$ cat work_7.txt   # compact mmCIF, C-alpha atoms
# COMPACT_ATOMS: atom_id res chain seq x y z
CA MET A 1 195.57 123.60 33.03
CA PRO A 2 195.22 120.50 35.19
CA GLU A 3 194.47 121.06 38.83
CA VAL A 4 197.31 120.12 41.17
CA SER A 5 196.64 119.22 44.77
CA SER A 6 198.42 117.59 47.68
CA ARG A 7 196.64 115.31 50.09
CA LEU A 8 197.10 114.76 53.76
CA LYS A 9 196.46 111.09 54.36
CA ARG A 10 194.87 110.39 57.68
CA SER A 11 196.54 106.98 57.86
CA ALA A 12 200.27 106.48 58.38
CA ALA A 13 200.55 104.19 55.39
CA MET A 14 204.02 105.39 54.48
CA ALA A 15 206.85 106.24 56.85
CA LEU A 16 208.83 109.43 56.32
CA THR A 17 212.10 107.94 57.53
CA SER A 18 213.24 105.91 60.48
CA LEU A 19 215.03 109.02 61.72
CA GLY A 20 211.93 111.15 61.43
CA LEU A 21 213.45 113.37 58.74
CA GLY A 22 210.96 115.32 56.65
CA LEU A 23 210.78 114.47 52.95
CA LEU A 24 209.57 116.77 50.22
CA PHE A 25 207.05 115.01 48.00
CA GLN A 26 206.20 116.27 44.56
CA ALA A 27 202.84 117.90 43.96
CA GLY A 28 200.07 115.34 43.81
CA ALA A 29 201.80 112.87 46.13
CA ALA A 30 200.33 111.83 49.43
CA TYR A 31 201.88 112.85 52.70
CA ALA A 32 202.54 110.10 55.15
CA ALA A 33 202.58 109.65 58.90
CA VAL A 34 199.59 111.93 59.40
CA ALA A 35 197.51 110.09 61.94
CA ASP A 36 194.93 112.87 62.05
CA ILE A 37 194.38 116.31 60.61
CA ARG A 38 194.39 118.22 63.88
CA SER A 39 198.12 118.90 63.66
CA HIS A 40 197.49 120.74 60.39
CA GLU A 41 194.70 122.93 61.75
CA TRP A 42 197.24 125.43 63.05
CA TYR A 43 194.71 128.26 63.05
CA LEU A 44 192.81 126.69 65.95
CA ASP A 45 195.89 127.13 68.11
CA ASP A 46 196.66 130.58 66.78
CA MET A 47 193.10 131.76 67.46
CA GLN A 48 193.12 130.09 70.91
CA ALA A 49 190.01 128.18 69.91
CA GLU A 50 189.99 125.80 72.86
CA ALA A 51 189.93 128.71 75.29
CA MET A 52 187.27 130.53 73.27
CA TRP A 53 185.01 127.47 73.22
CA LYS A 54 184.87 127.55 77.01
CA VAL A 55 183.15 130.92 76.60
CA SER A 56 181.26 130.45 73.33
CA THR A 57 180.91 127.81 70.63
CA GLY A 58 178.43 129.73 68.49
CA LYS A 59 175.45 127.90 69.98
CA GLY A 60 172.13 129.45 69.09
CA ILE A 61 173.44 131.10 65.91
CA THR A 62 172.48 130.01 62.40
CA VAL A 63 174.95 130.69 59.60
CA ALA A 64 173.56 130.52 56.08
CA VAL A 65 176.07 129.25 53.52
CA LEU A 66 175.12 130.54 50.06
CA ASP A 67 177.10 128.25 47.85
CA SER A 68 177.10 124.93 45.99
CA GLY A 69 175.15 123.08 48.69
CA VAL A 70 176.29 121.35 51.87
CA ASP A 71 176.90 117.62 52.24
CA SER A 72 175.37 116.80 55.60
CA ALA A 73 176.62 113.20 55.36
CA LEU A 74 180.17 114.29 56.13
CA PRO A 75 181.01 113.29 59.72
CA GLU A 76 181.85 116.83 60.84
CA LEU A 77 178.57 118.18 59.41
CA ARG A 78 176.22 115.32 60.25
CA ASN A 79 174.68 117.16 63.20
CA GLN A 80 175.32 120.70 62.02
CA VAL A 81 172.89 121.31 59.13
CA VAL A 82 169.35 122.63 59.50
CA GLY A 83 166.84 123.01 56.66
CA GLY A 84 167.99 124.61 53.45
CA VAL A 85 166.83 125.30 49.92
CA ASP A 86 168.02 124.63 46.36
CA LEU A 87 167.50 127.65 44.11
CA SER A 88 169.65 126.32 41.28
CA SER A 89 168.41 125.95 37.71
CA HIS A 90 168.49 122.14 37.95
CA PRO A 91 167.72 121.50 41.63
CA THR A 92 168.91 118.30 43.25
CA GLY A 93 168.46 119.46 46.84
CA PRO A 94 170.54 121.65 49.19
CA LEU A 95 172.35 118.64 50.65
CA LYS A 96 173.75 117.56 47.29
CA ASP A 97 177.14 119.21 46.79
CA VAL A 98 178.90 117.92 43.70
CA GLU A 99 181.35 120.80 43.65
CA GLY A 100 182.27 120.46 47.32
CA HIS A 101 182.93 124.15 47.87
CA GLY A 102 179.88 124.82 50.04
CA SER A 103 180.71 121.83 52.24
CA GLU A 104 184.26 123.14 52.65
CA MET A 105 183.01 126.52 53.87
CA ALA A 106 180.41 124.92 56.16
CA SER A 107 183.11 122.73 57.72
CA ILE A 108 185.40 125.69 58.35
CA ILE A 109 182.54 127.55 59.98
CA ALA A 110 180.81 124.87 62.03
CA GLY A 111 182.45 121.46 61.57
CA ASP A 112 182.36 119.65 64.90
CA GLY A 113 185.43 117.46 64.30
CA SER A 114 183.46 114.20 64.58
CA SER A 115 185.32 111.02 63.61
CA GLY A 116 188.50 112.96 63.07
CA GLY A 117 186.89 115.28 60.54
CA ILE A 118 187.27 119.01 60.00
CA GLN A 119 187.11 121.10 63.15
CA GLY A 120 185.29 124.36 62.55
CA ILE A 121 185.74 127.64 64.38
CA ALA A 122 182.16 127.79 65.71
CA PRO A 123 181.17 124.13 66.28
CA GLY A 124 178.07 125.09 68.23
CA ALA A 125 176.56 127.04 65.35
CA LYS A 126 174.17 125.54 62.81
CA VAL A 127 174.49 125.75 59.04
CA LEU A 128 171.61 126.66 56.72
CA PRO A 129 172.55 125.62 53.15
CA VAL A 130 171.26 127.86 50.36
CA LYS A 131 172.22 126.43 46.99
CA PHE A 132 172.22 128.28 43.69
CA ASP A 133 174.28 128.25 40.54
CA ARG A 134 174.29 131.74 39.05
CA LEU A 135 176.59 134.39 40.38
CA GLY A 136 175.16 137.88 40.08
CA ASP A 137 171.77 136.50 39.11
CA VAL A 138 168.52 136.96 40.95
CA GLY A 139 169.28 133.62 42.65
CA MET A 140 171.72 135.27 45.03
CA ALA A 141 169.22 137.93 45.99
CA GLN A 142 166.57 135.27 46.54
CA GLY A 143 169.03 133.26 48.61
CA ILE A 144 169.80 136.20 50.87
CA ARG A 145 166.11 136.83 51.48
CA TYR A 146 165.50 133.14 52.13
CA ALA A 147 168.33 133.04 54.66
CA VAL A 148 167.03 136.11 56.49
CA ASP A 149 163.46 134.79 56.54
CA HIS A 150 164.72 131.51 57.98
CA HIS A 151 166.47 133.19 60.89
CA ALA A 152 170.09 133.18 59.75
CA GLN A 153 171.86 135.87 61.73
CA VAL A 154 175.05 135.39 59.70
CA ILE A 155 175.20 134.87 55.94
CA ASN A 156 178.39 133.62 54.29
CA ILE A 157 179.00 134.18 50.57
CA SER A 158 182.40 132.74 49.67
CA MET A 159 182.13 133.48 46.00
CA GLY A 160 182.53 136.35 43.62
CA ASP A 161 182.51 137.51 40.04
CA VAL A 162 184.54 140.27 38.45
CA VAL A 163 181.59 140.96 36.15
CA ALA A 164 179.06 143.34 37.65
CA SER A 165 175.64 141.81 38.09
CA ASN A 166 172.88 142.64 35.67
CA ASN A 167 170.62 142.24 38.69
CA GLU A 168 172.56 144.62 40.91
CA LYS A 169 169.37 146.38 41.97
CA ALA A 170 167.95 143.11 43.31
CA LEU A 171 171.19 142.43 45.21
CA ARG A 172 171.22 145.91 46.73
CA GLN A 173 167.63 145.53 47.84
CA ALA A 174 168.35 142.09 49.28
CA VAL A 175 171.36 143.21 51.32
CA ASN A 176 169.43 146.19 52.65
CA TYR A 177 166.60 143.83 53.58
CA ALA A 178 169.07 141.64 55.46
CA LEU A 179 170.62 144.56 57.32
CA ARG A 180 167.25 145.98 58.30
CA LYS A 181 166.14 142.54 59.54
CA GLY A 182 169.28 142.25 61.66
CA SER A 183 171.60 139.93 59.72
CA LEU A 184 175.26 140.26 58.69
CA ILE A 185 176.58 139.23 55.28
CA PHE A 186 180.27 138.35 54.83
CA ALA A 187 181.59 137.96 51.29
CA SER A 188 185.01 136.99 49.94
CA SER A 189 186.81 139.96 48.39
CA GLY A 190 188.21 137.93 45.46
CA ASN A 191 191.52 136.34 44.49
CA ASP A 192 192.77 138.63 41.76
CA GLY A 193 195.11 140.74 43.90
CA GLU A 194 198.09 140.07 41.65
CA ASN A 195 196.08 139.39 38.52
CA GLY A 196 194.68 142.82 37.73
CA ASN A 197 193.06 143.28 41.15
CA MET A 198 189.60 143.47 39.61
CA ILE A 199 186.97 144.07 42.23
CA SER A 200 184.59 141.23 42.93
CA TYR A 201 180.82 141.27 43.28
CA PRO A 202 178.90 141.05 45.53
CA ALA A 203 181.68 141.97 47.99
CA ALA A 204 182.16 145.36 46.33
CA LEU A 205 178.54 146.39 46.90
CA PRO A 206 177.61 148.47 49.95
CA GLY A 207 176.30 146.44 52.87
CA PHE A 208 178.35 143.32 52.18
CA VAL A 209 181.27 142.89 54.58
CA ALA A 210 184.15 142.24 52.17
CA VAL A 211 186.82 139.96 53.66
CA GLY A 212 190.40 139.70 52.38
CA ALA A 213 192.99 137.02 53.16
CA VAL A 214 196.15 136.91 55.25
CA ASP A 215 198.58 134.09 55.95
CA ARG A 216 199.48 132.67 59.34
CA ASN A 217 201.97 135.46 59.98
CA GLY A 218 199.35 138.13 59.46
CA ASP A 219 200.84 139.14 56.12
CA VAL A 220 198.55 140.08 53.27
CA THR A 221 198.43 137.30 50.69
CA LYS A 222 199.40 138.31 47.18
CA PHE A 223 196.21 136.92 45.69
CA SER A 224 193.79 138.79 47.98
CA THR A 225 191.81 141.43 46.08
CA HIS A 226 192.16 144.76 47.83
CA GLY A 227 190.79 148.26 47.72
CA PRO A 228 188.50 150.64 49.63
CA GLN A 229 185.69 148.08 49.61
CA LEU A 230 187.63 145.84 52.02
CA ALA A 231 186.19 145.72 55.54
CA LEU A 232 188.08 142.93 57.33
CA ALA A 233 190.69 140.24 56.77
CA ALA A 234 191.08 136.68 58.05
CA TYR A 235 193.17 133.56 57.53
CA GLY A 236 193.04 132.38 53.93
CA GLN A 237 196.09 130.24 53.28
CA ASP A 238 196.95 126.62 54.13
CA ILE A 239 193.44 125.84 55.35
CA VAL A 240 192.44 122.18 55.73
CA VAL A 241 189.44 120.94 53.72
CA ARG A 242 188.36 117.64 52.25
CA CYS A 243 189.82 116.94 48.82
CA LYS A 244 187.34 117.43 46.02
CA ASP A 245 188.19 114.22 44.17
CA ASP A 246 188.40 112.04 47.29
CA ARG A 247 186.56 113.32 50.33
CA SER A 248 188.10 110.70 52.57
CA GLN A 249 191.36 112.63 52.27
CA TYR A 250 192.34 116.19 53.12
CA CYS A 251 193.86 119.02 51.12
CA LEU A 252 195.17 122.49 51.86
CA VAL A 253 193.52 125.40 50.08
CA LYS A 254 194.02 129.13 49.82
CA GLY A 255 191.75 132.01 48.90
CA THR A 256 189.42 134.63 50.25
CA SER A 257 186.68 131.98 50.36
CA PRO A 258 188.00 130.47 53.63
CA ALA A 259 188.78 133.98 54.90
CA ALA A 260 185.10 134.91 54.63
CA ALA A 261 184.19 131.67 56.40
CA PHE A 262 186.56 132.53 59.26
CA ALA A 263 184.91 135.93 59.60
CA SER A 264 181.42 134.40 59.59
CA ALA A 265 182.41 131.88 62.26
CA SER A 266 183.96 134.64 64.38
CA ALA A 267 180.72 136.62 64.20
CA ALA A 268 178.81 133.52 65.30
CA LEU A 269 181.06 133.09 68.35
CA ILE A 270 180.65 136.71 69.40
CA TRP A 271 176.91 136.83 68.78
CA SER A 272 176.33 133.64 70.74
CA LYS A 273 178.05 135.18 73.75
CA HIS A 274 176.16 138.48 73.33
CA PRO A 275 172.75 137.52 71.93
CA ASP A 276 171.29 140.91 72.83
CA TRP A 277 173.66 142.73 70.46
CA THR A 278 172.44 143.82 67.06
CA ASN A 279 174.16 143.07 63.77
CA ASN A 280 175.66 146.57 63.87
CA GLN A 281 177.12 146.01 67.31
CA VAL A 282 178.61 142.62 66.47
CA LEU A 283 180.27 144.05 63.37
CA ARG A 284 181.49 147.15 65.21
CA VAL A 285 183.15 145.03 67.90
CA MET A 286 184.77 142.85 65.25
CA MET A 287 186.17 145.96 63.56
CA ASP A 288 187.22 147.51 66.89
CA THR A 289 189.13 144.43 68.09
CA ALA A 290 190.67 143.47 64.75
CA GLY A 291 194.46 143.32 64.46
CA LYS A 292 195.49 146.65 62.94
CA PRO A 293 198.22 147.28 60.35
CA THR A 294 201.50 148.39 61.85
CA ASP A 295 201.56 151.41 59.54
CA GLY A 296 198.53 152.76 61.38
CA GLN A 297 196.42 153.27 58.26
CA VAL A 298 192.86 152.30 59.12
CA PRO A 299 190.93 151.45 57.11
CA SER A 300 193.63 149.87 55.00
CA GLN A 301 193.02 148.89 51.39
CA TYR A 302 194.74 145.59 52.16
CA LEU A 303 193.28 144.72 55.58
CA GLY A 304 190.23 146.94 55.92
CA TYR A 305 189.76 147.55 59.63
CA GLY A 306 192.05 144.65 60.47
CA ILE A 307 192.27 140.89 61.01
CA VAL A 308 189.38 139.36 62.91
CA ARG A 309 190.26 138.33 66.48
CA PRO A 310 187.18 136.99 68.31
CA ARG A 311 189.35 136.00 71.27
CA LYS A 312 189.79 139.68 72.09
CA VAL A 313 186.05 139.90 72.68
CA LEU A 314 185.47 136.51 74.28
CA LEU A 315 188.59 136.13 76.42
CA GLU A 316 189.56 139.72 77.13
CA GLY A 317 186.22 141.52 77.05
CA GLN A 318 187.44 144.11 74.58
CA GLY A 319 185.34 146.04 72.07
CA ASP A 320 182.72 148.74 72.37
CA PRO A 321 179.43 147.63 70.75
CA GLY A 322 178.29 151.24 70.40
CA PRO A 323 174.87 152.24 69.08
CA ALA A 324 172.52 149.44 68.16
CA ASN A 325 170.99 151.02 65.07
CA VAL A 326 174.02 152.49 63.27
CA ASN A 327 175.97 150.37 60.80
CA PRO A 328 179.71 150.96 61.37
CA LEU A 329 180.55 150.68 57.66
CA PRO A 330 180.08 154.11 56.03
CA ARG A 331 179.16 152.64 52.65
CA ALA A 332 176.45 150.53 54.27
CA GLN A 333 175.03 153.63 55.95
CA GLU A 334 174.76 155.35 52.60
CA ALA A 335 173.03 152.36 51.05
CA LEU A 336 170.56 152.11 53.90
CA ARG A 337 169.71 155.80 53.51
CA GLY A 338 169.04 155.16 49.86
CA GLN A 339 171.94 157.32 48.73
CA SER A 340 174.32 156.38 45.95
CA SER A 341 177.78 155.29 47.05
CA ALA A 342 180.59 156.86 45.08
CA ASP A 343 182.96 153.97 45.60
CA ALA A 344 180.45 151.19 44.95
CA SER A 345 181.20 151.17 41.25
CA ALA A 346 184.82 152.29 41.49
CA THR A 347 187.55 149.93 40.38
CA PRO A 348 190.22 150.07 43.07
CA GLY A 349 193.64 148.68 42.34
CA ASN A 350 193.06 148.54 38.60
CA GLY A 351 196.39 147.00 37.77
CA ASN A 352 198.46 150.04 38.70
CA GLY A 353 201.22 147.82 40.01
CA SER A 354 200.91 148.79 43.68
CA ALA A 355 202.07 145.92 45.81
CA ALA A 356 200.54 144.71 49.03
CA PRO A 357 202.71 145.62 52.00
CA LYS A 358 204.56 142.97 53.95
CA ALA A 359 202.27 144.15 56.69
CA HIS A 360 202.47 142.28 59.92
CA VAL A 361 199.75 143.33 62.29
CA ASP A 362 200.15 143.84 65.98
CA SER A 363 199.09 140.73 67.90
CA ALA A 364 197.08 139.41 64.99
CA ALA A 365 197.60 135.79 65.93
CA GLU A 366 199.84 135.40 68.98
CA PRO A 367 200.25 131.65 68.36
CA ALA A 368 200.07 129.40 71.37
CA SER A 369 203.29 127.63 72.22
CA GLY A 370 203.62 124.24 70.63
CA SER A 371 201.33 125.06 67.71
CA SER A 372 202.02 123.20 64.48
CA SER A 373 204.53 124.60 62.02
CA HIS A 374 203.52 126.44 58.88
CA LEU A 375 203.92 124.19 55.86
CA MET A 376 204.79 125.53 52.41
CA PRO A 377 202.10 125.20 49.71
CA TRP A 378 202.20 123.78 46.23
CA ILE A 379 199.59 125.53 44.23
CA GLY A 380 197.47 124.36 41.34
CA ILE A 381 194.89 126.33 39.52
CA GLY A 382 192.25 125.08 37.18
CA ALA A 383 190.92 127.91 35.06
CA ALA A 384 188.48 128.28 32.20
CA VAL A 385 186.28 130.97 30.80
CA ALA A 386 182.73 130.19 29.71
CA ALA A 387 180.47 132.26 27.47
CA VAL A 388 176.89 132.47 28.66
CA VAL A 389 174.24 133.62 26.21
CA ALA A 390 170.90 134.90 27.48
CA ALA A 391 168.47 137.03 25.51
CA ALA A 392 171.22 137.92 23.06
CA VAL A 393 173.39 139.34 25.85
CA VAL A 394 176.82 137.77 26.20
CA PHE A 395 178.80 138.22 29.34
CA LEU A 396 181.84 136.53 30.79
CA ILE A 397 181.79 134.65 34.02
CA VAL A 398 185.02 133.61 35.56
CA ARG A 399 185.07 129.92 36.34
CA ARG A 400 186.42 128.56 39.54
CA ARG A 401 190.15 128.62 40.03
CA ARG A 402 190.61 127.25 43.47
CA ALA A 403 194.20 127.05 44.56
CA MET A 404 195.14 123.80 46.22
CA ALA A 405 198.25 123.68 48.32
CA SER A 406 200.58 120.89 49.43
CA GLN A 407 202.36 120.69 52.70
CA PRO A 408 206.08 120.00 52.46
CA PRO A 409 207.43 118.97 55.85
CA HIS A 410 210.67 120.88 55.78
CA PRO A 411 210.78 124.68 55.94
CA GLY A 412 213.51 125.05 53.35
CA ALA A 413 211.39 123.58 50.59
CA PRO A 414 210.81 125.71 47.49
CA GLN A 415 207.49 127.49 47.24
CA VAL A 416 205.38 128.23 44.21
CA PRO A 417 204.35 131.91 44.35
CA PRO A 418 200.66 132.51 45.10
CA MET A 419 198.51 133.24 42.11
CA GLY A 420 195.16 134.98 41.73
CA GLY A 421 191.71 133.61 41.07
CA ALA A 422 191.22 130.96 43.72
CA TRP A 423 187.67 131.30 44.95
CA ARG A 424 184.42 129.74 43.89
CA ASP A 425 182.70 131.40 41.01
CA ARG A 426 180.56 130.38 38.06

$ encode --input "work_7.txt" --output "structure tokens"
Amino acid sequence: MPEVSSRLKRSAAMALTSLGLGLLFQAGAAYAAVADIRSHEWYLDDMQAEAMWKVSTGKGITVAVLDSGVDSALPELRNQVVGGVDLSSHPTGPLKDVEGHGSEMASIIAGDGSSGGIQGIAPGAKVLPVKFDRLGDVGMAQGIRYAVDHHAQVINISMGDVVASNNEKALRQAVNYALRKGSLIFASSGNDGENGNMISYPAALPGFVAVGAVDRNGDVTKFSTHGPQLALAAYGQDIVVRCKDDRSQYCLVKGTSPAAAFASASAALIWSKHPDWTNNQVLRVMMDTAGKPTDGQVPSQYLGYGIVRPRKVLLEGQGDPGPANVNPLPRAQEALRGQSSADASATPGNGNGSAAPKAHVDSAAEPASGSSSHLMPWIGIGAAVAAVVAAAVVFLIVRRRRAMASQPPHPGAPQVPPMGGAWRDR
């Protein structure tokens, strides 16, 4: 199926109308009269980013992005990347990102908005690119260890595979190594919420902080994979990134990939303000101050402990860091003690038809007045399944199905329902 995307042109090459009336363009068309992308980065207003940056920008924190590489030539990332490694089977260097996905996540996390580019949530943080090309392989475990050994306090893994790793032991050992060395690992929960809700690895393994996706209203997105493995949720719909086929233009994407990046950036902001806190304390405060479901069920299989709200920590001083040496996630505690976790291999939400609640959370966003309006997405999904043969063992790996969204200017425009499978995988 061909991928469908909508682009936000930075130039005002086409006028909407002389009366300023919004026009609905078909999928694939360019939107006009967009002088810059800032008006589309609604989440900066909703998160009160400008106010937070007066307290913390993430300075002093390194966020490792385990992904397809990071293009440091992009204006918003030109001064944001430090070091890196290419662990892929055909290495071309960590700064070569043909796929573009790693650069997207890096920009969401730490883009500095230079030359009108992407504005990240933690622009003072630095990005450590760790490139590899095999989900569930030893490359991920090696990447985690590399990131830890190169002083990355936060590790972002915006990828997943519904096939359990044949190197799960190596991954478990790597995440335990990271936790013992003081790092946090955020991983996207997966985008199969309405497509069988198959759990995604590595997010389903103990020690990884699995992050689901919500929309601007704080509602659970239909595509977000849910279950008892979920720890937190963050914005994952209508997020601005550079278009894959033309990086001089901008597209809207959806998925738990950007949600994980939002969580990683939030951790960087909090840790920068409280550098004496441990990884356990940063995570505990994030869980404590997260926007809770209105039904009172915490943890929730759809939101985990809630929607990340770093402003509650930075602007309002909320959150109890608690003990420095106790991981607040029960499953992580079990893994660190070397015990087996009963729900690590469980398959929550195995297509039983349970629907995600229309669950607004209390004060999840509290948008600032005058923030830009939410624009309805057109969605396109490119999907394929590849057979990989190694030592006579055949296993399926789900290829990337990133959902790209358009931005119709008028709120009455029809909307294509969200679909599953929209995060980077191999």

$ residues_around --input "work_7.txt" --residues "A:Leu87" --least-positions-apart "5" --cutoff "8 Å" --atoms "all atoms listed in the file" --output "PyMOL selection string"
chain A and resi 130-133+139+143

$ closest_residue --input "work_7.txt" --among "A:Gly60, A:Met52, A:Pro228, A:Glu194" --to "A:Arg309" --atoms "all atoms listed in the file"
A:Met52

$ atom_distance --input "work_7.txt" --atom1 "atom CA of A:Ala259" --atom2 "atom CA of A:Gly296"
22.1 Å

$ residues_around --input "work_7.txt" --residues "A:Thr57" --least-positions-apart "2" --cutoff "8 Å" --atoms "all atoms listed in the file" --output "list in words"
Met52, Trp53, Lys54, Val55, Lys59, Ile121, Ala122, Pro123, Gly124, Ala125, Leu269 and Ser272 of chain A

$ atom_distance --input "work_7.txt" --atom1 "atom CA of A:Gly93" --atom2 "atom CA of A:His151"
19.7 Å

$ residues_around --input "work_7.txt" --residues "A:Gly319" --least-positions-apart "4" --cutoff "10 Å" --atoms "all atoms listed in the file" --output "PDB file with C-alpha atoms, keeping the file's coordinate frame"
ATOM      1  CA  GLN A 281     177.120 146.010  67.310  1.00  0.00           C
ATOM      2  CA  VAL A 282     178.610 142.620  66.470  1.00  0.00           C
ATOM      3  CA  ARG A 284     181.490 147.150  65.210  1.00  0.00           C
ATOM      4  CA  VAL A 285     183.150 145.030  67.900  1.00  0.00           C
ATOM      5  CA  MET A 286     184.770 142.850  65.250  1.00  0.00           C
ATOM      6  CA  MET A 287     186.170 145.960  63.560  1.00  0.00           C
ATOM      7  CA  ASP A 288     187.220 147.510  66.890  1.00  0.00           C
ATOM      8  CA  THR A 289     189.130 144.430  68.090  1.00  0.00           C
ATOM      9  CA  ALA A 290     190.670 143.470  64.750  1.00  0.00           C
ATOM     10  CA  PRO A 310     187.180 136.990  68.310  1.00  0.00           C
ATOM     11  CA  LYS A 312     189.790 139.680  72.090  1.00  0.00           C
ATOM     12  CA  VAL A 313     186.050 139.900  72.680  1.00  0.00           C
ATOM     13  CA  LEU A 314     185.470 136.510  74.280  1.00  0.00           C
TER      14      LEU A 314
END

$ atom_distance --input "work_7.txt" --atom1 "atom CA of A:Gln48" --atom2 "atom CA of A:Ala234"
14.6 Å

$ axis_aligned_box --input "work_7.txt" --around "stretch 90-106 of chain A" --padding-each-side "4 Å" --output "lines of an AutoDock Vina configuration file"
center_x = 176.0
center_y = 122.0
center_z = 47.1
size_x = 24.5
size_y = 17.0
size_z = 26.2

$ closest_residue --input "work_7.txt" --among "A:Gln173, A:Asn327, A:Ser158, A:Ser200" --to "A:Thr256" --atoms "only C-alpha atoms"
A:Ser158

$ decode --input "work_7.txt" --residues "stretch 218-245 of chain A" --atoms "C-alpha atoms" --output "short mmCIF file (atom, residue, chain, number, x, y, z; two decimals), in the first residue's frame"
data_model
loop_
_atom_site.label_atom_id
_atom_site.label_comp_id
_atom_site.auth_asym_id
_atom_site.auth_seq_id
_atom_site.Cartn_x
_atom_site.Cartn_y
_atom_site.Cartn_z
CA GLY A 218 -5.56 13.31 26.76
CA ASP A 219 -7.60 10.53 25.18
CA VAL A 220 -5.99 7.17 24.56
CA THR A 221 -5.27 6.71 20.86
CA LYS A 222 -6.83 3.66 19.27
CA PHE A 223 -3.52 2.44 17.88
CA SER A 224 -1.60 2.53 21.18
CA THR A 225 -0.72 -0.98 22.38
CA HIS A 226 -1.92 -1.42 25.94
CA GLY A 227 -1.71 -3.86 28.79
CA PRO A 228 -0.10 -4.34 32.22
CA GLN A 229 3.35 -3.64 30.78
CA LEU A 230 2.44 0.03 30.21
CA ALA A 231 4.17 2.45 32.57
CA LEU A 232 3.42 5.93 31.20
CA ALA A 233 1.72 7.72 28.32
CA ALA A 234 2.59 10.85 26.33
CA TYR A 235 1.52 12.77 23.24
CA GLY A 236 1.67 10.60 20.13
CA GLN A 237 -0.62 12.12 17.52
CA ASP A 238 -0.23 15.08 15.13
CA ILE A 239 3.45 15.54 15.96
CA VAL A 240 5.57 17.65 13.59
CA VAL A 241 8.60 16.00 11.96
CA ARG A 242 10.50 16.45 8.73
CA CYS A 243 9.01 14.57 5.80
CA LYS A 244 10.93 11.45 4.90
CA ASP A 245 10.94 12.06 1.15
#
